[in-house]
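Here the structure is laid out as structure tokens; the discussion comes afterwards.
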Amino acid sequence: MVLKTGNIVSHSGALDWGSGKVMLVTPTLATIQFSDGKSRKIASSHFSILQPAEAASYTHPADLTATAKPARAPRVTKKKKAVPEQAV
């Protein structure tokens, strides 16, 4: 199969990924955004297991909105205990 940017394909070895849209093609690999939300790089040696898919079968993954992590509590430094001096 000849891959071009924008093609809709499915990976015959990983049907749970869903259909994918080809985002980038180089001589050695293709970057494909799959319906499960993950972008995967497929080596050119594995292009033969990619099958054309219907455009309607590709559902663009929902935009993942970045959620702000809660602010971390400031670190509290431990006070060192004073070592009593020994009487001589």
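So you can find residues: chains in the structure tokens are A, B, ... in the order shown, residues in each start at 1, and ligands are numbered from 1 in order.
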- Message: When you look at Ile42 (chain A) with a cut-off of 7 Å (counting only C-alpha atoms), what residues show up, excluding the ones that are within fewer than 6 positions of it in the same chain? I need them as a ChimeraX atom specification.
- Response: /A:29-31
- Who sits within 12 Å of Lys41 (chain A), only C-alpha atoms, same chain under 2 positions skipped, as a ChimeraX atom specification: /A:11,20-26,28-34,38-39,43-47
- Task: For Ser57 (chain A), list every protein, DNA or RNA residue within 10 Å, evaluated using only C-alpha atoms, and leave out those in the same chain fewer than 6 positions away; present the list as a PyMOL selection string.
- Result: chain A and resi 8-10+18-20+35
Per DSSP on the backbone, filter chain A down to the residues in strand (DSSP E) and report them as an mmCIF file with C-alpha atoms, in the first residue's frame.
data_model
loop_
_atom_site.group_PDB
_atom_site.id
_atom_site.type_symbol
_atom_site.label_atom_id
_atom_site.label_comp_id
_atom_site.auth_asym_id
_atom_site.auth_seq_id
_atom_site.Cartn_x
_atom_site.Cartn_y
_atom_site.Cartn_z
ATOM 1 C CA ILE A 8 -7.270 6.787 6.483
ATOM 2 C CA VAL A 9 -5.888 3.349 7.348
ATOM 3 C CA SER A 10 -6.318 0.536 9.828
ATOM 4 C CA HIS A 11 -3.631 -1.706 11.295
ATOM 5 C CA SER A 19 -8.769 3.632 12.154
ATOM 6 C CA GLY A 20 -5.990 6.144 11.820
ATOM 7 C CA LYS A 21 -5.143 9.221 9.808
ATOM 8 C CA VAL A 22 -1.683 9.384 8.260
ATOM 9 C CA MET A 23 -0.048 12.545 9.548
ATOM 10 C CA LEU A 24 3.494 12.207 8.171
ATOM 11 C CA VAL A 25 5.243 9.868 5.753
ATOM 12 C CA LEU A 29 8.285 5.429 8.751
ATOM 13 C CA ALA A 30 4.796 6.887 8.928
ATOM 14 C CA THR A 31 3.232 8.725 11.839
ATOM 15 C CA ILE A 32 -0.436 7.840 12.231
ATOM 16 C CA GLN A 33 -2.989 9.346 14.643
ATOM 17 C CA PHE A 34 -5.360 6.536 15.624
ATOM 18 C CA SER A 39 -0.110 8.717 17.663
ATOM 19 C CA ARG A 40 2.078 5.830 16.531
ATOM 20 C CA LYS A 41 5.101 5.561 14.300
ATOM 21 C CA ILE A 42 4.979 2.593 11.938
ATOM 22 C CA ALA A 43 8.191 1.435 10.260
ATOM 23 C CA LEU A 50 -1.808 -1.288 6.972
ATOM 24 C CA GLN A 51 -5.113 -1.522 5.125
ATOM 25 C CA PRO A 52 -7.167 1.289 3.592
#
- Query: Hey, can you check how far CA of Leu15 (chain A) sits from CA of His60 (chain A)?
  - Reply: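 We find that CA of Leu15 (chain A) and CA of His60 (chain A) lie 16.0 Å from each other.
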- Expected answer as a list of chain:residue names: helix (DSSP H, G or I) residues in chain A: A:Leu15, A:Asp16, A:Trp17, A:Ser44, A:Ser45, A:His46, A:Phe47, A:Ser48, A:Ile49, A:Ala55, A:Ala56, A:Ser57
